[in-house]
Amino acid sequence: MEEILIEIQKVNVPFWKTFDFWLFLTIGLSSFIASIKAFIEAKAAKTAANEAGQTVKIQTITIELSEIIQKLDKLETNIEFSDARDFLSEINRRIKRLTSPFKKEDNYEEVIALIYETLDITKDSLTAVRPLDNETIVDNAVYFAVEKHFSDLGGLLAELMGYFEKRTIKLD
Amino acid sequence: MDAKQEYIIIITEFINKTSAGNLQWKKQNPSTLYIETVAGGNEPAVISIQKIQERRRERVEDRVRTTNVEYYVFSVKKPLSKELVIQIDSSSDKSYHGILSELFQVADYKIEKRSIDFLRGIMDNL
């Protein structure tokens, strides 16, 4: 009887004392660690991809902003009201499309608000030179009305470009 | 007498002649008034005055302060040759501000007065 009991005890070894238990536990833990590592790497890759995407987007925006600045610099002294109005409408749309995603971000909020304000002021100044008839005798009146504002706007857009470029090359 | 004093004397004469009704100013737009005339050598000339209003910004202790600024540009141009004879900008020389402001106001008033007289004439004949 005693021998039988000894045999039973030999057979009835706890599972955690078996080689199988430790084998499966090691495999399980390795898989779990590998999963966590894969998750962390995937997350890092996603962040890197997002940052790369944003960098490309910001580079595209700075190129467009520099095009607008160049156009602002080439203002003709005898520009007519209708041309100035069309030009202002075009740059107003483009600038707002390019900057609106950033207007609530701390780094850009102030300069973007000033850009929008300058666009509004320019519109008011242009309204002050809206012709009363089709005849244009004083051919630089529109130029005088908007030149200073366009110059201010070019400066503010350049400032914004600087902030974007700083973000692109990560000086922070 | 320097050139500036002479300009001021001439602009004062413009004000006086405008007040007397001897100069017929026209309005190209709400802020630009002009006269088409013939100069001494029978060469046409365009005399204009433009009121420019702008808001200027300046940074004061990390804050942006906006102020309204008004200035005038007086110019004389030969329309045939497109030659700019003179241009006085009161934003660059503030001593012209008062006299150019007065010229603009007098000329603007005379244009409005002409319109009012014209309307009165219509009303009287109705």
# chains A, B, ... in the order shown; residues from 1 in each chain; ligands from 1

$ select_by_dssp --residues "stretch 8-48 of chain B" --states "strand (DSSP E)" --output "compact mmCIF listing (two decimals) with N, CA and C atoms, in the first residue's frame"
# COMPACT_ATOMS: atom_id res chain seq x y z
N LYS B 26 -12.67 117.11 -58.95
CA LYS B 26 -13.53 115.96 -59.22
C LYS B 26 -13.11 114.82 -58.31
N LYS B 27 -14.03 113.87 -58.15
CA LYS B 27 -13.74 112.75 -57.24
C LYS B 27 -13.58 111.48 -58.07
N GLN B 28 -12.40 110.88 -58.01
CA GLN B 28 -12.21 109.60 -58.72
C GLN B 28 -12.75 108.44 -57.89
N ASN B 29 -12.54 108.55 -56.61
CA ASN B 29 -13.05 107.56 -55.66
C ASN B 29 -13.20 108.28 -54.32
N THR B 32 -9.85 109.99 -53.32
CA THR B 32 -8.94 110.63 -54.29
C THR B 32 -9.66 111.73 -55.07
N LEU B 33 -9.14 112.95 -54.94
CA LEU B 33 -9.73 114.09 -55.64
C LEU B 33 -8.70 114.62 -56.64
N TYR B 34 -9.17 115.19 -57.77
CA TYR B 34 -8.21 115.66 -58.77
C TYR B 34 -8.77 116.82 -59.58
N ILE B 35 -7.85 117.54 -60.20
CA ILE B 35 -8.22 118.58 -61.16
C ILE B 35 -7.44 118.28 -62.43
N GLU B 36 -8.13 118.38 -63.55
CA GLU B 36 -7.43 118.30 -64.84
C GLU B 36 -7.29 119.74 -65.32
N THR B 37 -6.09 120.13 -65.62
CA THR B 37 -5.90 121.53 -66.00
C THR B 37 -4.82 121.63 -67.07
N VAL B 38 -4.61 122.83 -67.54
CA VAL B 38 -3.56 123.05 -68.53
C VAL B 38 -2.50 123.92 -67.88
N PRO B 44 -1.14 119.62 -70.62
CA PRO B 44 -2.11 119.18 -69.61
C PRO B 44 -1.43 118.68 -68.35
N ALA B 45 -2.11 118.88 -67.22
CA ALA B 45 -1.58 118.40 -65.94
C ALA B 45 -2.73 117.88 -65.09
N VAL B 46 -2.42 116.89 -64.28
CA VAL B 46 -3.41 116.36 -63.34
C VAL B 46 -2.87 116.60 -61.94
N ILE B 47 -3.67 117.34 -61.16
CA ILE B 47 -3.28 117.60 -59.77
C ILE B 47 -4.20 116.75 -58.90
N SER B 48 -3.63 116.01 -58.01
CA SER B 48 -4.49 115.13 -57.20
C SER B 48 -4.08 115.16 -55.74

$ interface_residues --of "chain A" --to "chain B" --cutoff "7 Å" --atoms "only C-alpha atoms" --output "PyMOL selection string"
chain A and resi 128-132+136+138+141+145

$ write_last_selection --atoms "N, CA and C atoms" --output "mmCIF file, in the first residue's frame"
data_model
loop_
_atom_site.group_PDB
_atom_site.id
_atom_site.type_symbol
_atom_site.label_atom_id
_atom_site.label_comp_id
_atom_site.auth_asym_id
_atom_site.auth_seq_id
_atom_site.Cartn_x
_atom_site.Cartn_y
_atom_site.Cartn_z
ATOM 1 N N ALA A 128 -11.862 102.149 -50.062
ATOM 2 C CA ALA A 128 -11.753 103.618 -50.080
ATOM 3 C C ALA A 128 -11.338 104.150 -51.448
ATOM 4 N N VAL A 129 -10.842 103.279 -52.326
ATOM 5 C CA VAL A 129 -10.450 103.756 -53.667
ATOM 6 C C VAL A 129 -11.305 103.081 -54.765
ATOM 7 N N ARG A 130 -12.466 102.598 -54.362
ATOM 8 C CA ARG A 130 -13.351 101.998 -55.371
ATOM 9 C C ARG A 130 -13.806 103.119 -56.314
ATOM 10 N N PRO A 131 -13.569 102.981 -57.617
ATOM 11 C CA PRO A 131 -13.868 104.091 -58.535
ATOM 12 C C PRO A 131 -15.352 104.440 -58.576
ATOM 13 N N LEU A 132 -15.607 105.753 -58.711
ATOM 14 C CA LEU A 132 -17.005 106.185 -58.790
ATOM 15 C C LEU A 132 -17.526 106.089 -60.216
ATOM 16 N N THR A 136 -10.226 106.484 -65.087
ATOM 17 C CA THR A 136 -9.124 106.533 -64.116
ATOM 18 C C THR A 136 -8.154 107.630 -64.535
ATOM 19 N N VAL A 138 -6.193 109.516 -61.977
ATOM 20 C CA VAL A 138 -5.049 109.384 -61.067
ATOM 21 C C VAL A 138 -4.710 107.898 -61.017
ATOM 22 N N ALA A 141 -3.539 105.830 -57.520
ATOM 23 C CA ALA A 141 -4.335 105.942 -56.290
ATOM 24 C C ALA A 141 -4.495 104.591 -55.588
ATOM 25 N N ALA A 145 -3.033 103.262 -51.857
ATOM 26 C CA ALA A 145 -3.966 102.770 -50.836
ATOM 27 C C ALA A 145 -3.548 101.415 -50.264
#

$ closest_atom_pairs --of "stretch 3-77 of chain B" --to "stretch 102-107 of chain B" --cutoff "7 Å" --atoms "only C-alpha atoms" --output "CSV"
residue,atom,partner,partner_atom,distance
B:Ile15,CA,B:Leu103,CA,5.3
B:Thr18,CA,B:Ala107,CA,6.3
B:Ser19,CA,B:Val106,CA,6.5
B:Trp25,CA,B:Ala107,CA,6.2
B:Ile49,CA,B:Phe104,CA,6.6

$ closest_residue --among "A:Phe87, A:Phe150, A:Phe24, A:Phe144" --to "A:Thr122" --atoms "only C-alpha atoms"
A:Phe150

$ residues_around --residues "A:Asp152" --least-positions-apart "6" --cutoff "12 Å" --atoms "only C-alpha atoms" --output "list in words"
Ile69, Leu72, Asp73, Val111, Leu114, Ile115, Tyr116, Glu117, Thr118, Leu119, Ile121, Thr122, Val146, Ala158 and Glu159 of chain A; Glu54, Arg55, Arg56, Arg57 and Glu58 of chain B

$ write_last_selection --atoms "N, CA and C atoms" --output "PDB file, in the first residue's frame"
ATOM      1  N   ILE A  69       4.350  85.916 -51.361  1.00  0.00           N
ATOM      2  CA  ILE A  69       5.221  87.056 -51.004  1.00  0.00           C
ATOM      3  C   ILE A  69       5.838  87.672 -52.264  1.00  0.00           C
ATOM      4  N   LEU A  72       3.316  89.751 -53.924  1.00  0.00           N
ATOM      5  CA  LEU A  72       3.076  91.005 -53.190  1.00  0.00           C
ATOM      6  C   LEU A  72       4.165  92.032 -53.489  1.00  0.00           C
ATOM      7  N   ASP A  73       5.395  91.529 -53.693  1.00  0.00           N
ATOM      8  CA  ASP A  73       6.526  92.427 -53.975  1.00  0.00           C
ATOM      9  C   ASP A  73       6.444  93.059 -55.360  1.00  0.00           C
ATOM     10  N   VAL A 111       0.791  85.540 -34.959  1.00  0.00           N
ATOM     11  CA  VAL A 111       1.150  86.036 -36.298  1.00  0.00           C
ATOM     12  C   VAL A 111       0.009  85.785 -37.291  1.00  0.00           C
ATOM     13  N   LEU A 114      -2.560  88.458 -36.842  1.00  0.00           N
ATOM     14  CA  LEU A 114      -2.111  89.723 -37.459  1.00  0.00           C
ATOM     15  C   LEU A 114      -2.255  89.670 -38.983  1.00  0.00           C
ATOM     16  N   ILE A 115      -1.989  88.507 -39.561  1.00  0.00           N
ATOM     17  CA  ILE A 115      -2.134  88.352 -41.013  1.00  0.00           C
ATOM     18  C   ILE A 115      -3.599  88.565 -41.406  1.00  0.00           C
ATOM     19  N   TYR A 116      -4.506  87.948 -40.657  1.00  0.00           N
ATOM     20  CA  TYR A 116      -5.941  88.101 -40.967  1.00  0.00           C
ATOM     21  C   TYR A 116      -6.381  89.561 -40.796  1.00  0.00           C
ATOM     22  N   GLU A 117      -5.840  90.208 -39.746  1.00  0.00           N
ATOM     23  CA  GLU A 117      -6.202  91.608 -39.510  1.00  0.00           C
ATOM     24  C   GLU A 117      -5.714  92.483 -40.674  1.00  0.00           C
ATOM     25  N   THR A 118      -4.485  92.204 -41.134  1.00  0.00           N
ATOM     26  CA  THR A 118      -3.928  92.987 -42.254  1.00  0.00           C
ATOM     27  C   THR A 118      -4.754  92.775 -43.522  1.00  0.00           C
ATOM     28  N   LEU A 119      -5.215  91.554 -43.737  1.00  0.00           N
ATOM     29  CA  LEU A 119      -6.070  91.296 -44.902  1.00  0.00           C
ATOM     30  C   LEU A 119      -7.356  92.129 -44.818  1.00  0.00           C
ATOM     31  N   ILE A 121      -7.747  94.978 -43.111  1.00  0.00           N
ATOM     32  CA  ILE A 121      -7.401  96.401 -43.272  1.00  0.00           C
ATOM     33  C   ILE A 121      -7.197  96.719 -44.758  1.00  0.00           C
ATOM     34  N   THR A 122      -6.516  95.813 -45.457  1.00  0.00           N
ATOM     35  CA  THR A 122      -6.256  96.031 -46.892  1.00  0.00           C
ATOM     36  C   THR A 122      -7.577  96.125 -47.655  1.00  0.00           C
ATOM     37  N   VAL A 146      -2.942 100.570 -51.102  1.00  0.00           N
ATOM     38  CA  VAL A 146      -2.685  99.196 -50.628  1.00  0.00           C
ATOM     39  C   VAL A 146      -1.209  98.842 -50.440  1.00  0.00           C
ATOM     40  N   ALA A 158       6.369  86.238 -44.167  1.00  0.00           N
ATOM     41  CA  ALA A 158       7.765  85.784 -44.037  1.00  0.00           C
ATOM     42  C   ALA A 158       8.041  85.318 -42.611  1.00  0.00           C
ATOM     43  N   GLU A 159       7.464  86.040 -41.640  1.00  0.00           N
ATOM     44  CA  GLU A 159       7.623  85.655 -40.228  1.00  0.00           C
ATOM     45  C   GLU A 159       7.012  84.270 -39.990  1.00  0.00           C
TER      46      GLU A 159
ATOM     47  N   GLU B  54      -4.624 104.241 -42.572  1.00  0.00           N
ATOM     48  CA  GLU B  54      -4.106 102.898 -42.301  1.00  0.00           C
ATOM     49  C   GLU B  54      -3.983 102.677 -40.803  1.00  0.00           C
ATOM     50  N   ARG B  55      -3.955 101.414 -40.477  1.00  0.00           N
ATOM     51  CA  ARG B  55      -3.760 101.056 -39.077  1.00  0.00           C
ATOM     52  C   ARG B  55      -2.335 100.570 -38.922  1.00  0.00           C
ATOM     53  N   ARG B  56      -1.616 101.209 -38.024  1.00  0.00           N
ATOM     54  CA  ARG B  56      -0.221 100.798 -37.802  1.00  0.00           C
ATOM     55  C   ARG B  56      -0.116 100.030 -36.492  1.00  0.00           C
ATOM     56  N   ARG B  57       0.763  99.050 -36.539  1.00  0.00           N
ATOM     57  CA  ARG B  57       0.943  98.225 -35.334  1.00  0.00           C
ATOM     58  C   ARG B  57       2.335  98.426 -34.770  1.00  0.00           C
ATOM     59  N   GLU B  58       2.404  98.457 -33.476  1.00  0.00           N
ATOM     60  CA  GLU B  58       3.733  98.495 -32.847  1.00  0.00           C
ATOM     61  C   GLU B  58       3.712  97.613 -31.607  1.00  0.00           C
TER      62      GLU B  58
END

$ closest_residue --among "B:Ala3, B:Ile11, B:Lys94, B:Lys113" --to "B:Val69" --atoms "only C-alpha atoms"
B:Lys94

$ atom_distance --atom1 "atom CA of A:Lys74" --atom2 "atom CA of A:Tyr143"
11.3 Å

$ atom_distance --atom1 "atom CA of A:Asp106" --atom2 "atom CA of A:Lys166"
14.3 Å

$ select_by_dssp --residues "chain A" --states "helix (DSSP H, G or I)" --output "compact mmCIF listing (two decimals) with C-alpha atoms, in the first residue's frame"
# COMPACT_ATOMS: atom_id res chain seq x y z
CA GLU A 2 2.75 2.35 0.97
CA GLU A 3 4.49 1.59 -2.26
CA ILE A 4 1.37 2.41 -4.20
CA LEU A 5 1.09 5.75 -2.43
CA ILE A 6 4.71 6.56 -3.25
CA GLU A 7 4.05 5.70 -6.90
CA ILE A 8 0.96 7.92 -6.90
CA GLN A 9 2.96 10.83 -5.42
CA LYS A 10 5.60 10.33 -8.11
CA VAL A 11 2.91 10.50 -10.83
CA PHE A 15 2.39 21.01 -13.12
CA TRP A 16 4.60 23.99 -12.28
CA LYS A 17 7.37 21.54 -11.42
CA PHE A 19 9.46 20.97 -17.79
CA ASP A 20 6.38 21.54 -19.99
CA PHE A 21 5.07 24.26 -17.66
CA TRP A 22 8.31 26.24 -17.83
CA LEU A 23 8.58 25.71 -21.55
CA PHE A 24 5.06 27.07 -22.22
CA LEU A 25 5.55 29.86 -19.70
CA THR A 26 8.78 30.95 -21.42
CA ILE A 27 7.13 30.84 -24.85
CA GLY A 28 4.10 32.75 -23.55
CA LEU A 29 6.17 35.46 -21.89
CA SER A 30 8.42 35.78 -24.94
CA SER A 31 5.37 36.24 -27.16
CA PHE A 32 3.93 38.83 -24.77
CA ILE A 33 7.20 40.79 -24.66
CA ALA A 34 7.53 40.55 -28.44
CA SER A 35 3.96 41.87 -28.82
CA ILE A 36 4.65 44.84 -26.54
CA LYS A 37 7.87 45.59 -28.40
CA ALA A 38 6.07 45.36 -31.73
CA PHE A 39 3.33 47.68 -30.44
CA ILE A 40 5.89 50.27 -29.24
CA GLU A 41 7.77 50.11 -32.54
CA ALA A 42 4.58 50.39 -34.56
CA LYS A 43 3.53 53.41 -32.52
CA ALA A 44 6.94 55.04 -33.01
CA ALA A 45 6.75 54.31 -36.74
CA LYS A 46 3.29 55.87 -36.91
CA THR A 47 4.49 58.99 -35.06
CA ALA A 48 7.50 59.23 -37.38
CA ALA A 49 5.26 58.82 -40.42
CA ASN A 50 2.90 61.52 -39.13
CA GLU A 51 5.80 63.87 -38.47
CA ALA A 52 7.23 63.17 -41.92
CA GLY A 53 3.80 63.85 -43.43
CA GLN A 54 3.51 67.13 -41.49
CA THR A 55 7.00 68.16 -42.54
CA VAL A 56 6.15 67.58 -46.19
CA LYS A 57 2.87 69.48 -45.71
CA ILE A 58 4.63 72.41 -44.03
CA GLN A 59 7.27 72.50 -46.77
CA THR A 60 4.47 72.70 -49.36
CA ILE A 61 2.86 75.53 -47.37
CA THR A 62 6.11 77.51 -47.12
CA ILE A 63 6.61 77.18 -50.89
CA GLU A 64 3.11 78.53 -51.49
CA LEU A 65 3.64 81.35 -48.99
CA SER A 66 6.88 82.36 -50.70
CA GLU A 67 5.01 82.51 -54.03
CA ILE A 68 2.44 84.86 -52.46
CA ILE A 69 5.22 87.06 -51.00
CA GLN A 70 6.86 87.31 -54.43
CA LYS A 71 3.55 88.41 -55.95
CA LEU A 72 3.08 91.01 -53.19
CA ASP A 73 6.53 92.43 -53.97
CA PHE A 81 -8.90 98.72 -58.77
CA SER A 82 -10.34 95.58 -60.38
CA ASP A 83 -6.89 93.93 -60.62
CA ALA A 84 -6.09 94.81 -57.00
CA ARG A 85 -9.49 93.49 -55.86
CA ASP A 86 -9.01 90.20 -57.76
CA PHE A 87 -5.48 89.83 -56.43
CA LEU A 88 -6.57 90.49 -52.86
CA SER A 89 -9.42 87.97 -53.16
CA GLU A 90 -7.01 85.35 -54.51
CA ILE A 91 -4.36 85.80 -51.81
CA ASN A 92 -7.03 86.07 -49.10
CA ARG A 93 -8.39 82.65 -50.07
CA ARG A 94 -4.96 81.06 -50.42
CA ILE A 95 -3.58 82.45 -47.17
CA LYS A 96 -6.65 81.37 -45.19
CA ARG A 97 -6.58 77.90 -46.73
CA LEU A 98 -2.90 77.50 -45.86
CA THR A 99 -2.98 78.97 -42.36
CA SER A 100 -6.38 78.00 -40.93
CA PRO A 101 -5.18 74.56 -39.64
CA PHE A 102 -2.57 76.36 -37.49
CA ASP A 106 0.30 78.62 -29.71
CA ASN A 107 3.37 79.14 -31.88
CA TYR A 108 1.44 80.63 -34.79
CA GLU A 109 -1.71 82.07 -33.23
CA GLU A 110 -0.45 85.65 -32.88
CA VAL A 111 1.15 86.04 -36.30
CA ILE A 112 -1.81 84.40 -38.07
CA ALA A 113 -4.22 86.76 -36.25
CA LEU A 114 -2.11 89.72 -37.46
CA ILE A 115 -2.13 88.35 -41.01
CA TYR A 116 -5.94 88.10 -40.97
CA GLU A 117 -6.20 91.61 -39.51
CA THR A 118 -3.93 92.99 -42.25
CA LEU A 119 -6.07 91.30 -44.90
CA ASP A 120 -9.15 93.01 -43.42
CA ILE A 121 -7.40 96.40 -43.27
CA THR A 122 -6.26 96.03 -46.89
CA LYS A 123 -9.82 95.27 -47.93
CA ASP A 124 -11.03 98.45 -46.16
CA SER A 125 -8.31 100.54 -47.83
CA LEU A 126 -9.22 99.12 -51.21
CA THR A 127 -12.86 100.00 -50.64
CA ALA A 141 -4.34 105.94 -56.29
CA VAL A 142 -4.92 102.21 -55.77
CA TYR A 143 -1.20 101.61 -55.36
CA PHE A 144 -0.95 104.24 -52.61
CA ALA A 145 -3.97 102.77 -50.84
CA VAL A 146 -2.68 99.20 -50.63
CA GLU A 147 1.10 99.33 -51.00
CA LYS A 148 1.88 99.70 -47.30
CA HIS A 149 -0.55 96.95 -46.33
CA PHE A 150 0.85 94.55 -48.92
CA SER A 151 4.32 95.31 -47.60
CA ASP A 152 3.17 94.56 -44.02
CA LEU A 153 1.46 91.40 -45.20
CA GLY A 154 4.64 90.20 -46.95
CA GLY A 155 6.59 90.75 -43.73
CA LEU A 156 4.07 88.83 -41.62
CA LEU A 157 3.96 85.93 -44.10
CA ALA A 158 7.77 85.78 -44.04
CA GLU A 159 7.62 85.65 -40.23
CA LEU A 160 5.17 82.75 -40.39
CA MET A 161 7.40 80.98 -42.91
CA GLY A 162 10.27 81.36 -40.46
CA TYR A 163 8.25 79.68 -37.71
CA PHE A 164 7.28 76.85 -40.07
CA GLU A 165 10.88 76.35 -41.17
CA LYS A 166 12.02 76.27 -37.54
CA ARG A 167 9.50 73.51 -36.90
CA THR A 168 10.62 71.59 -40.01

$ closest_residue --among "A:Thr18, A:Met1, A:Glu135, A:Val13" --to "A:Glu80" --atoms "only C-alpha atoms"
A:Glu135

$ atom_distance --atom1 "atom CA of B:Lys110" --atom2 "atom CA of B:Gln24"
8.2 Å

$ decode --residues "stretch 97-114 of chain A" --atoms "N, CA and C atoms" --output "CSV table (one decimal), in the first residue's frame"
chain,number,residue,atom,x,y,z
A,97,ARG,N,-6.6,79.4,-46.5
A,97,ARG,CA,-6.6,77.9,-46.7
A,97,ARG,C,-5.3,77.3,-46.1
A,98,LEU,N,-4.2,78.0,-46.3
A,98,LEU,CA,-2.9,77.5,-45.9
A,98,LEU,C,-2.7,77.6,-44.3
A,99,THR,N,-3.3,78.7,-43.8
A,99,THR,CA,-3.0,79.0,-42.4
A,99,THR,C,-4.1,78.5,-41.4
A,100,SER,N,-5.3,78.3,-41.9
A,100,SER,CA,-6.4,78.0,-40.9
A,100,SER,C,-6.1,76.8,-40.1
A,101,PRO,N,-5.4,75.7,-40.5
A,101,PRO,CA,-5.2,74.6,-39.6
A,101,PRO,C,-4.3,74.9,-38.4
A,102,PHE,N,-3.5,76.0,-38.5
A,102,PHE,CA,-2.6,76.4,-37.5
A,102,PHE,C,-3.0,77.5,-36.6
A,103,LYS,N,-4.2,78.1,-36.9
A,103,LYS,CA,-4.5,79.4,-36.3
A,103,LYS,C,-4.8,79.3,-34.8
A,104,LYS,N,-5.0,78.1,-34.3
A,104,LYS,CA,-5.2,77.9,-32.8
A,104,LYS,C,-3.9,77.4,-32.1
A,105,GLU,N,-2.9,77.1,-32.9
A,105,GLU,CA,-1.6,76.6,-32.3
A,105,GLU,C,-0.9,77.8,-31.7
A,106,ASP,N,-0.4,77.6,-30.5
A,106,ASP,CA,0.3,78.6,-29.7
A,106,ASP,C,1.4,79.3,-30.5
A,107,ASN,N,2.2,78.5,-31.2
A,107,ASN,CA,3.4,79.1,-31.9
A,107,ASN,C,3.0,80.1,-33.0
A,108,TYR,N,1.8,79.9,-33.6
A,108,TYR,CA,1.4,80.6,-34.8
A,108,TYR,C,0.2,81.5,-34.6
A,109,GLU,N,-0.4,81.4,-33.5
A,109,GLU,CA,-1.7,82.1,-33.2
A,109,GLU,C,-1.6,83.6,-33.4
A,110,GLU,N,-0.6,84.2,-32.8
A,110,GLU,CA,-0.4,85.6,-32.9
A,110,GLU,C,-0.2,86.2,-34.3
A,111,VAL,N,0.8,85.5,-35.0
A,111,VAL,CA,1.2,86.0,-36.3
A,111,VAL,C,0.0,85.8,-37.3
A,112,ILE,N,-0.7,84.7,-37.1
A,112,ILE,CA,-1.8,84.4,-38.1
A,112,ILE,C,-2.9,85.4,-37.8
A,113,ALA,N,-3.2,85.8,-36.6
A,113,ALA,CA,-4.2,86.8,-36.2
A,113,ALA,C,-3.8,88.1,-36.9
A,114,LEU,N,-2.6,88.5,-36.8
A,114,LEU,CA,-2.1,89.7,-37.5
A,114,LEU,C,-2.3,89.7,-39.0
